[in-house]
file model-v2.csv (CSV, C-alpha atoms)
chain,number,residue,atom,x,y,z
A,185,MET,CA,49.1,-27.4,34.3
A,186,GLY,CA,51.3,-30.4,35.1
A,187,ARG,CA,53.6,-30.7,32.0
A,188,GLY,CA,55.3,-33.6,33.6
A,189,ILE,CA,52.3,-35.8,33.0
A,190,LEU,CA,53.3,-36.2,29.4
A,191,SER,CA,56.5,-37.9,30.5
A,192,HIS,CA,54.2,-40.9,31.3
A,193,PRO,CA,54.6,-42.8,28.0
A,194,ASP,CA,51.3,-44.5,27.9
A,195,PHE,CA,49.4,-41.4,29.0
A,196,ARG,CA,51.1,-39.6,26.2
A,197,ARG,CA,49.8,-42.2,23.7
A,198,LEU,CA,46.3,-41.8,25.2
A,199,TRP,CA,46.6,-38.0,24.9
A,200,ILE,CA,47.6,-38.2,21.2
A,201,ALA,CA,44.9,-40.7,20.4
A,202,ASP,CA,42.3,-38.5,22.2
A,203,LEU,CA,43.5,-35.4,20.3
A,204,LEU,CA,43.1,-37.2,16.9
A,205,SER,CA,39.7,-38.5,17.9
A,206,GLN,CA,38.6,-35.1,19.0
A,207,LEU,CA,39.9,-33.4,15.8
A,208,GLY,CA,37.9,-35.9,13.7
A,209,ALA,CA,34.8,-35.4,15.7
A,210,ARG,CA,35.0,-31.6,15.5
A,211,LEU,CA,35.5,-31.7,11.7
A,212,GLY,CA,32.4,-33.7,11.4
A,213,MET,CA,30.5,-31.5,13.8
A,214,MET,CA,31.1,-28.5,11.5
A,215,ALA,CA,30.9,-30.3,8.2
A,216,ILE,CA,27.7,-32.4,8.7
A,217,PRO,CA,25.2,-29.6,9.3
A,218,LEU,CA,26.9,-27.6,6.5
A,219,LEU,CA,26.5,-30.6,4.2
A,220,ALA,CA,22.8,-30.8,5.1
A,221,VAL,CA,22.1,-27.1,4.7
A,222,LEU,CA,24.2,-26.3,1.6
A,223,THR,CA,24.1,-29.6,-0.4
A,224,LEU,CA,21.0,-31.4,0.7
A,225,ASP,CA,18.9,-28.2,1.3
A,226,ALA,CA,17.7,-29.4,4.7
A,227,SER,CA,15.1,-27.5,6.7
A,228,THR,CA,15.7,-26.1,10.2
A,229,PHE,CA,14.0,-29.1,11.7
A,230,GLN,CA,15.8,-31.6,9.5
A,231,VAL,CA,19.1,-30.1,10.6
A,232,SER,CA,18.1,-30.4,14.3
A,233,MET,CA,17.3,-34.0,13.7
A,234,LEU,CA,20.9,-34.7,12.8
A,235,ARG,CA,22.1,-33.8,16.3
A,236,THR,CA,19.1,-35.6,17.8
A,237,CYS,CA,20.1,-38.9,16.1
A,238,GLU,CA,23.8,-38.4,17.2
A,239,THR,CA,23.0,-37.9,20.9
A,240,ALA,CA,19.9,-40.1,21.3
A,241,ALA,CA,22.1,-43.1,22.2
A,242,TRP,CA,22.7,-41.6,25.6
A,243,LEU,CA,19.1,-42.2,26.4
A,244,VAL,CA,19.3,-45.8,25.2
A,245,LEU,CA,22.7,-47.0,26.2
A,246,GLY,CA,24.0,-44.4,28.7
A,247,LEU,CA,23.3,-46.3,32.0
A,248,PHE,CA,23.9,-49.7,30.5
A,249,ALA,CA,27.3,-48.6,29.3
A,250,GLY,CA,28.4,-47.5,32.7
A,251,ALA,CA,27.5,-50.8,34.4
A,252,TRP,CA,29.2,-52.7,31.5
A,253,VAL,CA,32.4,-50.7,31.5
A,254,ASP,CA,32.8,-51.4,35.2
A,255,ARG,CA,33.0,-55.1,34.3
A,256,VAL,CA,35.5,-54.9,31.4
A,257,ARG,CA,38.9,-53.5,30.4
A,258,CYS,CA,38.4,-50.0,28.9
A,259,LEU,CA,41.2,-50.0,26.3
A,260,PRO,CA,39.7,-52.6,23.9
A,261,VAL,CA,36.4,-50.7,24.0
A,262,LEU,CA,38.1,-47.4,23.0
A,263,VAL,CA,39.9,-49.1,20.1
A,264,ALA,CA,36.7,-50.8,18.8
A,265,ALA,CA,34.6,-47.6,19.1
A,266,ASP,CA,37.2,-45.6,17.1
A,267,LEU,CA,37.4,-48.3,14.4
A,268,GLY,CA,33.6,-48.5,14.1
A,269,ARG,CA,33.2,-44.7,13.8
A,270,ALA,CA,35.9,-44.6,11.1
A,271,VAL,CA,33.9,-47.1,9.0
A,272,LEU,CA,30.6,-45.2,9.5
A,273,PHE,CA,31.8,-41.8,8.7
A,274,GLY,CA,33.9,-43.1,5.8
A,275,SER,CA,30.7,-44.3,4.2
A,276,ILE,CA,29.5,-40.7,3.7
A,277,PRO,CA,32.1,-39.5,1.1
A,278,VAL,CA,31.8,-42.9,-0.6
A,279,ALA,CA,28.1,-42.4,-1.0
A,280,ALA,CA,28.6,-38.8,-2.1
A,281,ALA,CA,31.1,-39.9,-4.8
A,282,PHE,CA,28.5,-42.3,-6.2
A,283,GLY,CA,25.7,-39.6,-6.1
A,284,VAL,CA,23.5,-41.6,-3.7
A,285,LEU,CA,24.0,-39.6,-0.4
A,286,GLY,CA,20.8,-38.4,1.3
A,287,LEU,CA,19.5,-37.3,4.7
A,288,PRO,CA,18.4,-40.9,5.6
A,289,GLN,CA,22.0,-42.1,5.4
A,290,LEU,CA,23.2,-39.2,7.6
A,291,TYR,CA,20.6,-40.0,10.2
A,292,VAL,CA,21.6,-43.7,10.3
A,293,VAL,CA,25.3,-43.0,10.4
A,294,LEU,CA,24.9,-40.5,13.2
A,295,ALA,CA,22.6,-42.8,15.2
A,296,LEU,CA,25.1,-45.8,15.0
A,297,ALA,CA,28.1,-43.6,15.6
A,298,GLY,CA,26.3,-42.1,18.6
A,299,MET,CA,26.1,-45.5,20.2
A,300,LEU,CA,29.8,-46.1,19.7
A,301,THR,CA,30.5,-42.6,21.1
A,302,VAL,CA,28.6,-43.5,24.3
A,303,LEU,CA,30.7,-46.6,24.8
A,304,PHE,CA,33.9,-44.6,24.0
A,305,ASP,CA,33.1,-41.7,26.3
A,306,VAL,CA,32.2,-43.8,29.3
A,307,ALA,CA,35.3,-46.0,28.9
A,308,HIS,CA,37.5,-42.9,28.2
A,309,SER,CA,36.3,-41.3,31.5
A,310,SER,CA,36.9,-44.5,33.5
A,311,TYR,CA,40.3,-45.3,32.0
A,312,PRO,CA,42.5,-42.5,33.5
A,313,PRO,CA,42.1,-43.8,37.1
A,314,ARG,CA,43.2,-47.2,35.9
A,315,LEU,CA,46.3,-45.7,34.1
A,316,LEU,CA,47.3,-42.9,36.4
A,317,ALA,CA,48.1,-42.4,40.1
A,318,PRO,CA,45.5,-40.3,42.1
A,319,ASP,CA,47.8,-37.3,42.2
A,320,GLN,CA,48.1,-37.4,38.4
A,321,LEU,CA,44.4,-37.2,37.7
A,322,LEU,CA,44.0,-33.4,37.7
A,323,PRO,CA,46.9,-32.6,35.4
A,324,GLY,CA,45.9,-35.6,33.3
A,325,ASN,CA,42.4,-34.4,33.0
A,326,ALA,CA,43.6,-30.9,32.2
A,327,ARG,CA,45.8,-32.3,29.4
A,328,LEU,CA,42.8,-34.2,28.0
A,329,ALA,CA,40.6,-31.2,28.3
A,330,ALA,CA,43.2,-29.2,26.4
A,331,ASN,CA,42.5,-31.6,23.5
A,332,HIS,CA,38.9,-30.6,23.5
A,333,SER,CA,40.1,-27.0,23.3
A,334,VAL,CA,42.6,-27.5,20.5
A,335,ALA,CA,40.2,-29.7,18.5
A,336,ALA,CA,37.4,-27.1,19.0
A,337,VAL,CA,39.6,-24.3,17.7
A,338,VAL,CA,41.3,-26.2,14.8
A,339,GLY,CA,38.1,-28.2,13.9
A,340,ALA,CA,35.9,-25.1,13.8
A,341,GLY,CA,38.3,-23.2,11.6
A,342,ALA,CA,39.6,-26.0,9.4
A,343,GLY,CA,36.1,-27.6,9.1
A,344,GLY,CA,34.6,-24.4,7.6
A,345,ILE,CA,37.6,-23.8,5.3
A,346,LEU,CA,37.8,-27.4,4.2
A,347,VAL,CA,34.1,-27.5,3.4
A,348,GLN,CA,34.6,-24.5,1.2
A,349,TRP,CA,37.8,-25.8,-0.5
A,350,LEU,CA,37.1,-29.5,-0.8
A,351,SER,CA,33.4,-30.2,0.0
A,352,ALA,CA,31.5,-31.2,3.1
A,353,ALA,CA,31.6,-34.9,2.2
A,354,ALA,CA,35.4,-34.9,1.7
A,355,THR,CA,35.8,-33.1,5.0
A,356,ILE,CA,33.8,-35.8,6.7
A,357,GLY,CA,36.2,-38.3,5.2
A,358,LEU,CA,39.0,-36.7,7.1
A,359,ASN,CA,36.8,-37.2,10.2
A,360,ALA,CA,37.0,-41.0,9.5
A,361,VAL,CA,40.8,-40.8,9.1
A,362,GLY,CA,41.1,-39.1,12.5
A,363,PHE,CA,39.2,-42.0,14.2
A,364,LEU,CA,41.3,-44.6,12.4
A,365,TRP,CA,44.6,-42.9,13.5
A,366,SER,CA,43.3,-42.6,17.1
A,367,ALA,CA,42.7,-46.4,17.2
A,368,LEU,CA,46.2,-47.1,16.1
A,369,TRP,CA,47.7,-44.9,18.9
A,370,LEU,CA,45.4,-46.6,21.5
A,371,ARG,CA,46.6,-50.0,20.3
A,372,SER,CA,50.2,-48.9,21.1
A,373,ILE,CA,49.5,-48.5,24.8
A,374,ARG,CA,51.5,-51.1,26.8
A,375,THR,CA,50.5,-50.7,30.4
A,376,PRO,CA,48.5,-53.8,31.4
A,377,GLU,CA,45.0,-53.1,32.4
A,378,ALA,CA,43.6,-55.5,34.9
A,379,ARG,CA,40.1,-56.8,34.4
A,380,PRO,CA,37.8,-55.3,37.1
A,381,PRO,CA,36.8,-57.9,39.7
A,382,ALA,CA,33.4,-59.5,38.9
A,383,PRO,CA,30.7,-59.1,41.6
A,384,GLU,CA,29.6,-62.4,43.1
A,385,HIS,CA,26.0,-62.0,41.9
A,386,ARG,CA,25.7,-59.9,38.8
A,387,ASN,CA,22.6,-58.0,38.4
A,388,LEU,CA,22.6,-55.3,35.7
A,389,ARG,CA,19.6,-53.5,37.0
A,390,ARG,CA,21.0,-53.4,40.5
A,391,GLU,CA,24.3,-52.2,39.4
A,392,ILE,CA,22.8,-49.4,37.3
A,393,GLY,CA,20.7,-48.4,40.3
A,394,GLU,CA,23.8,-48.2,42.5
A,395,GLY,CA,25.2,-45.6,40.1
A,396,LEU,CA,22.0,-43.6,40.0
A,397,ARG,CA,21.6,-43.6,43.8
A,398,TYR,CA,25.2,-42.6,44.4
A,399,VAL,CA,24.9,-39.6,42.1
A,400,PHE,CA,21.4,-38.4,43.2
A,401,ARG,CA,22.1,-38.9,46.9
A,402,HIS,CA,25.5,-37.2,46.8
A,403,PRO,CA,25.2,-33.5,47.9
A,404,LEU,CA,27.7,-32.4,45.3
A,405,LEU,CA,27.2,-34.7,42.4
A,406,ARG,CA,23.4,-34.2,42.4
A,407,PRO,CA,23.5,-30.4,41.7
A,408,LEU,CA,26.3,-30.9,39.2
A,409,ALA,CA,24.3,-33.4,37.3
A,410,LEU,CA,21.1,-31.3,37.3
A,411,ASN,CA,23.0,-28.1,36.3
A,412,THR,CA,24.8,-29.9,33.5
A,413,ALA,CA,21.6,-31.5,32.2
A,414,THR,CA,19.9,-28.1,32.0
A,415,THR,CA,22.9,-26.6,30.3
A,416,MET,CA,23.2,-29.4,27.8
A,417,LEU,CA,19.4,-29.3,27.1
A,418,PHE,CA,19.5,-25.7,26.0
A,419,GLN,CA,23.0,-25.8,24.5
A,420,ALA,CA,21.7,-28.4,22.2
A,421,ALA,CA,18.7,-26.2,21.3
A,422,ASN,CA,21.2,-23.5,20.5
A,423,SER,CA,23.4,-25.7,18.5
A,424,ALA,CA,20.5,-27.2,16.5
A,425,VAL,CA,19.8,-23.8,14.9
A,426,MET,CA,23.1,-22.0,15.1
A,427,VAL,CA,24.6,-23.0,11.7
A,428,VAL,CA,21.2,-22.3,10.0
A,429,PHE,CA,21.1,-18.9,11.8
A,430,LEU,CA,24.6,-18.0,10.7
A,431,VAL,CA,24.0,-19.1,7.1
A,432,ARG,CA,20.5,-17.8,6.5
A,433,GLU,CA,20.1,-14.8,8.7
A,434,VAL,CA,23.7,-13.5,9.2
A,435,HIS,CA,24.6,-14.6,5.6
A,436,LEU,CA,28.1,-16.1,6.4
A,437,SER,CA,30.0,-18.5,4.2
A,438,PRO,CA,31.3,-21.8,5.7
A,439,ALA,CA,34.9,-20.5,5.8
A,440,THR,CA,33.8,-17.3,7.7
A,441,ILE,CA,31.7,-19.4,10.2
A,442,GLY,CA,34.8,-21.6,10.8
A,443,LEU,CA,37.2,-18.7,11.2
A,444,LEU,CA,34.9,-16.8,13.6
A,445,SER,CA,34.3,-19.9,15.7
A,446,MET,CA,38.0,-20.6,15.8
A,447,ILE,CA,38.8,-17.1,17.1
A,448,GLY,CA,36.2,-17.4,19.8
A,449,LEU,CA,37.3,-20.8,20.8
A,450,LEU,CA,41.0,-19.8,21.3
A,451,GLY,CA,40.1,-19.0,24.9
A,452,ALA,CA,39.5,-22.7,25.5
A,453,ILE,CA,43.1,-23.5,25.0
A,454,ALA,CA,44.0,-20.9,27.6
A,455,ALA,CA,41.3,-22.2,29.9
A,456,SER,CA,42.8,-25.7,30.0
A,457,ALA,CA,46.1,-24.1,31.0
A,458,PHE,CA,44.8,-21.9,33.8
A,459,THR,CA,42.1,-24.1,35.3
A,460,GLU,CA,44.5,-25.8,37.8
A,461,PRO,CA,46.0,-22.5,39.2
A,462,LEU,CA,42.5,-20.9,39.1
A,463,SER,CA,41.1,-23.8,41.2
A,464,ARG,CA,44.0,-23.3,43.7
A,465,ARG,CA,43.3,-19.6,43.9
A,466,LEU,CA,39.5,-19.5,44.1
A,467,GLY,CA,38.9,-23.1,45.2
A,468,ASP,CA,37.6,-25.8,42.9
A,469,ALA,CA,34.0,-25.6,44.1
A,470,ARG,CA,33.8,-21.9,43.7
A,471,ALA,CA,35.5,-22.0,40.3
A,472,GLN,CA,32.8,-24.5,39.1
A,473,LEU,CA,30.1,-22.1,40.2
A,474,ILE,CA,31.6,-19.1,38.5
A,475,ALA,CA,32.1,-21.1,35.3
A,476,ALA,CA,28.4,-22.1,35.2
A,477,ILE,CA,27.3,-18.5,35.6
A,478,GLY,CA,29.7,-17.3,32.9
A,479,LEU,CA,28.4,-20.0,30.5
A,480,GLY,CA,24.8,-18.8,31.0
A,481,ILE,CA,25.8,-15.2,30.3
A,482,ALA,CA,27.7,-16.3,27.1
A,483,PHE,CA,24.7,-18.0,25.6
A,484,LEU,CA,22.4,-15.2,26.7
A,485,VAL,CA,24.3,-12.5,24.6
A,486,GLN,CA,24.8,-14.7,21.5
A,487,PRO,CA,21.5,-13.8,19.8
A,488,LEU,CA,22.8,-10.2,19.5
A,489,THR,CA,24.9,-11.4,16.6
A,490,ASN,CA,24.2,-9.6,13.3
A,491,PRO,CA,26.2,-8.8,10.1
A,492,GLY,CA,29.0,-6.3,10.4
A,493,TRP,CA,30.4,-5.1,13.7
A,494,ALA,CA,27.8,-7.1,15.6
A,495,LEU,CA,29.6,-10.3,14.6
A,496,THR,CA,31.8,-9.5,17.6
A,497,TRP,CA,28.9,-10.7,19.8
A,498,TYR,CA,29.3,-14.1,18.3
A,499,VAL,CA,33.1,-14.1,18.8
A,500,ALA,CA,33.0,-12.8,22.3
A,501,SER,CA,30.2,-15.1,23.4
A,502,THR,CA,31.9,-18.1,21.9
A,503,LEU,CA,35.1,-17.1,23.6
A,504,LEU,CA,33.5,-16.8,27.0
A,505,ALA,CA,31.5,-20.0,26.5
A,506,ALA,CA,34.6,-22.0,25.5
A,507,ILE,CA,36.5,-20.9,28.6
A,508,CYS,CA,33.6,-21.7,31.0
A,509,ILE,CA,32.9,-25.1,29.4
A,510,ILE,CA,36.6,-26.2,29.7
A,511,VAL,CA,37.0,-24.9,33.3
A,512,GLY,CA,33.7,-26.5,34.3
A,513,TYR,CA,34.5,-29.8,32.5
A,514,ILE,CA,38.0,-30.3,34.0
A,515,LEU,CA,36.8,-29.5,37.6
A,516,GLN,CA,33.6,-31.6,37.3
A,517,VAL,CA,35.5,-34.7,36.0
A,518,SER,CA,38.1,-34.3,38.7
A,519,THR,CA,35.4,-33.9,41.4
A,520,ARG,CA,33.6,-37.0,40.2
A,521,GLN,CA,36.8,-39.1,40.1
A,522,ARG,CA,37.8,-37.8,43.6
A,523,VAL,CA,34.5,-38.4,45.4
A,524,CYS,CA,33.6,-41.7,43.7
A,525,PRO,CA,34.9,-45.1,44.9
A,526,PRO,CA,36.9,-47.0,42.2
A,527,GLU,CA,34.3,-49.7,41.8
A,528,LEU,CA,31.6,-47.2,40.9
A,529,GLN,CA,33.7,-45.0,38.5
A,530,GLY,CA,32.1,-46.3,35.3
A,531,ARG,CA,28.5,-46.3,36.6
A,532,VAL,CA,28.8,-42.8,38.1
A,533,SER,CA,30.4,-41.5,34.9
A,534,ALA,CA,27.6,-43.0,32.9
A,535,THR,CA,25.0,-41.6,35.2
A,536,MET,CA,26.4,-38.1,35.0
A,537,SER,CA,26.7,-38.5,31.2
A,538,PHE,CA,23.2,-39.9,30.9
A,539,VAL,CA,21.5,-37.0,32.7
A,540,SER,CA,23.5,-34.5,30.8
A,541,TRP,CA,24.1,-35.9,27.3
A,542,GLY,CA,20.7,-37.6,27.4
A,543,ALA,CA,19.2,-34.1,27.5
A,544,MET,CA,20.8,-33.3,24.1
A,545,PRO,CA,18.5,-35.1,21.8
A,546,VAL,CA,15.5,-33.6,23.6
A,547,GLY,CA,17.2,-30.2,23.3
A,548,SER,CA,17.9,-30.6,19.6
A,549,LEU,CA,14.3,-31.5,19.0
A,550,LEU,CA,13.3,-28.5,21.1
A,551,GLY,CA,15.6,-26.2,19.2
A,552,GLY,CA,14.3,-27.4,15.8
A,553,THR,CA,10.7,-27.1,16.9
A,554,LEU,CA,11.1,-23.6,18.4
A,555,GLY,CA,13.1,-22.5,15.4
A,556,THR,CA,10.3,-23.6,13.1
A,557,LEU,CA,7.5,-22.1,15.1
A,558,PHE,CA,9.0,-18.8,16.4
A,559,GLY,CA,12.2,-18.2,14.3
A,560,LEU,CA,15.9,-18.7,14.8
A,561,ARG,CA,16.8,-15.7,16.8
A,562,PRO,CA,14.0,-16.1,19.4
A,563,THR,CA,15.1,-19.7,19.9
A,564,LEU,CA,18.6,-18.5,20.7
A,565,TRP,CA,17.2,-16.0,23.3
A,566,ILE,CA,15.1,-18.7,25.0
A,567,ALA,CA,18.1,-21.1,25.1
A,568,GLY,CA,20.4,-18.4,26.6
A,569,ALA,CA,17.9,-17.3,29.3
A,570,ALA,CA,17.2,-20.9,30.3
A,571,THR,CA,20.9,-21.8,30.5
A,572,LEU,CA,21.5,-18.9,32.9
A,573,LEU,CA,18.5,-19.8,35.0
A,574,GLY,CA,19.9,-23.4,35.2
A,575,THR,CA,22.8,-22.2,37.4
A,576,GLY,CA,20.2,-22.1,40.2
A,577,TRP,CA,20.9,-25.8,40.7
A,578,LEU,CA,24.4,-24.9,42.0
A,579,LEU,CA,23.5,-21.6,43.6
A,580,PHE,CA,21.0,-23.4,45.9
A,581,SER,CA,23.3,-26.2,46.9
A,582,PRO,CA,26.5,-26.6,49.0
A,583,PHE,CA,28.5,-25.1,46.1
A,584,ARG,CA,27.2,-21.7,47.3
A,585,THR,CA,29.2,-21.9,50.5
A,586,LEU,CA,32.1,-24.3,49.6
A,587,ARG,CA,35.5,-23.2,48.6
A,588,ASN,CA,37.0,-26.6,47.8
A,589,ILE,CA,35.6,-30.0,47.1
A,590,PRO,CA,36.1,-32.1,50.3
A,591,THR,CA,37.8,-35.5,49.8
A,592,PRO,CA,35.9,-38.6,51.0
A,593,THR,CA,38.0,-38.6,54.2
A,594,THR,CA,37.3,-35.0,55.2
A,595,THR,CA,34.2,-33.5,56.6
A,596,GLU,CA,34.5,-29.9,55.6
A,597,ALA,CA,36.0,-27.8,52.8
call {"tool": "encode", "arguments": {"input": "model-v2.csv", "output": "C-alpha cells"}}
result
Amino acid sequence: MGRGILSHPDFRRLWIADLLSQLGARLGMMAIPLLAVLTLDASTFQVSMLRTCETAAWLVLGLFAGAWVDRVRCLPVLVAADLGRAVLFGSIPVAAAFGVLGLPQLYVVLALAGMLTVLFDVAHSSYPPRLLAPDQLLPGNARLAANHSVAAVVGAGAGGILVQWLSAAATIGLNAVGFLWSALWLRSIRTPEARPPAPEHRNLRREIGEGLRYVFRHPLLRPLALNTATTMLFQAANSAVMVVFLVREVHLSPATIGLLSMIGLLGAIAASAFTEPLSRRLGDARAQLIAAIGLGIAFLVQPLTNPGWALTWYVASTLLAAICIIVGYILQVSTRQRVCPPELQGRVSATMSFVSWGAMPVGSLLGGTLGTLFGLRPTLWIAGAATLLGTGWLLFSPFRTLRNIPTPTTTEA
C-alpha cells in the first residue's frame, strides 16, 4: 500500500491529524443518534432530522467552498474547521451537565458543524496534491482512506461501549477532544503551502460553473458523480433509520450495536491495504465498477437482520459495504486527482462532493418519512434496492469497457 509514504514527515502529521479527526467524528456519529433515542426519546423522523441538519451544508456551501478553496491555502482552513467543531461538540456535554440539553441544541450544533465539515473536507481533498508528488497520491490516499476504516471500526465499537459505560453526552465530549487534538497536529506541519495564483478577473459564479461543467462534461467523472449521488441518497435513508431499527425492532443495546458494527467494519481496514494491488490486477476502472455493485448488494441484504442468528446478516452486510466503500473511495479520489488539472482541484472536488453529499440531507428526510409511513424494515428494503439500481450509471458508461483510467495525455485505457 505504499508504507514509504509515512516517511514523509508532514504527510505523517497530516495522516495522524486526519485519524484523530475521523475518530472524533465516528464517536459522534454513533453517540448522537443514541443520545436522541435513549435520552431524549426522539421519534424516527426526529432522529432522521439530525443527519439532515449535519449534511444540509453541502447544499448551501458545497460549490462555494470549492471555488473559495482554489483561492486560498488549505492548511489554515483545516485547522480552523477542527477548532470550530471542537467548540461546537464540546457544548453538548456541558449542556447535559446543567440539565438543559434538548433536540434544538443538537440540530443547531450539527448544522453549524456541518458547515465547518464542508470546508474541511473540500480543503482536505485539495491539500494532498499541494503536499505530495503525483506518484505519491495513490499511496497517500490509501493511507488516508485507512483512517476512515480504522475510525469506522474503533468509533463504532468504542462509541457504543462508551455510551453504555459513560453516557452519550460524555462520549460526544471525546468527539470534541479528537477535533482539538487534530488541529494541534495540523499546526505542526512545516512544508510551506504556496497561495494559489489569483485569476485576473475573479468571478465566483463563473469559477463555480467551470467546476460543474468540467465534471458533467467529463465521460468518467459524470457517471461517478451520478452513481455516488444515488448511493449517498439511499445510504442516508438507510442510516437515518438504522439505529432506531436496531434498538426498537432488533432490541440491541448500544454496546452490542457498537460491537457488531465494529466486527463488520474490520473489512474496511483490509480494503485500504489491498485496494492498490487490486487496482493493478483488475484495473482501477473495473475495480470501481465491481465495488459499486458490491455496495448495492450489501445494502440490499441488510434488512434480513433479525434477533439471534440472523444478526449475521447485519455483520456480513456491514463487512461487504465497508470494503466496497473504501475501495471505491480510494479509486474515485485518485481518479479525480489524476484527470483534473491543478487549478480546478478544489472546484472539481467540491462539485463531486456537492452532488454526492448534497444528496444526504434529502436522503435522511426520505428515510425518516418512509420509516414513519411504512415502517423501518420496508424503508431498508427500498434503500437497498435503489442503491443497487444506481450502479446503472456506471454500467451504461465507459466504465463498462475500460480496464484502467486513462491519464490526460493518453487516449485509451
call {"tool": "closest_residue", "arguments": {"input": "model-v2.csv", "among": "A:Gly467, A:Leu528, A:Leu444, A:Ala378", "to": "Trp497 in chain A", "atoms": "only C-alpha atoms"}}
result
A:Leu444
call {"tool": "closest_residue", "arguments": {"input": "model-v2.csv", "among": "A:Ile200, A:Ala281, A:Ala452, A:Ala265", "to": "Gly357 in chain A", "atoms": "all atoms listed in the file"}}
result
A:Ala281
call {"tool": "atom_distance", "arguments": {"input": "model-v2.csv", "atom1": "CA of Asp194 in chain A", "atom2": "CA of Arg374 in chain A"}}
result
6.7 Å
call {"tool": "residues_around", "arguments": {"input": "model-v2.csv", "residues": "Gly512 in chain A", "least_positions_apart": "3", "cutoff": "7 Å", "atoms": "only C-alpha atoms", "output": "count of residues only"}}
result
7
call {"tool": "atom_distance", "arguments": {"input": "model-v2.csv", "atom1": "CA of Val485 in chain A", "atom2": "CA of Asn411 in chain A"}}
result
19.5 Å
call {"tool": "atom_distance", "arguments": {"input": "model-v2.csv", "atom1": "CA of Leu245 in chain A", "atom2": "CA of Gly393 in chain A"}}
result
14.3 Å
call {"tool": "residues_around", "arguments": {"input": "model-v2.csv", "residues": "Ser581 in chain A", "least_positions_apart": "4", "cutoff": "9 Å", "atoms": "only C-alpha atoms", "output": "ChimeraX atom specification"}}
result
/A:403-404,407,576-577,585
call {"tool": "closest_residue", "arguments": {"input": "model-v2.csv", "among": "A:Gly362, A:Gly246, A:Gly268, A:Gly274", "to": "Gly542 in chain A", "atoms": "all atoms listed in the file"}}
result
A:Gly246
call {"tool": "closest_residue", "arguments": {"input": "model-v2.csv", "among": "A:Leu287, A:Ile189, A:Ile589, A:Met426", "to": "Ser463 in chain A", "atoms": "only C-alpha atoms"}}
result
A:Ile589
call {"tool": "closest_atom_pairs", "arguments": {"input": "model-v2.csv", "of": "range 295-320 of chain A", "to": "range 218-239 of chain A", "cutoff": "8 Å", "atoms": "all atoms listed in the file", "output": "Markdown table"}}
result
| residue | atom | partner | partner_atom | distance |
| --- | --- | --- | --- | --- |
| A:Ala295 | CA | A:Cys237 | CA | 4.7 |
| A:Leu296 | CA | A:Glu238 | CA | 7.8 |
| A:Ala297 | CA | A:Glu238 | CA | 6.9 |
| A:Gly298 | CA | A:Glu238 | CA | 4.7 |
call {"tool": "residues_near_point", "arguments": {"input": "model-v2.csv", "point": "(25.7, -50.9, 36.0)", "cutoff": "12 Å", "atoms": "only C-alpha atoms", "output": "MDAnalysis selection string"}}
result
chainID A and resid 245:256 306 382:383 386:398 527:535
call {"tool": "residues_around", "arguments": {"input": "model-v2.csv", "residues": "Arg522 in chain A", "least_positions_apart": "5", "cutoff": "10 Å", "atoms": "only C-alpha atoms", "output": "ChimeraX atom specification"}}
result
/A:313,318,321-322,516-517,529,589-592
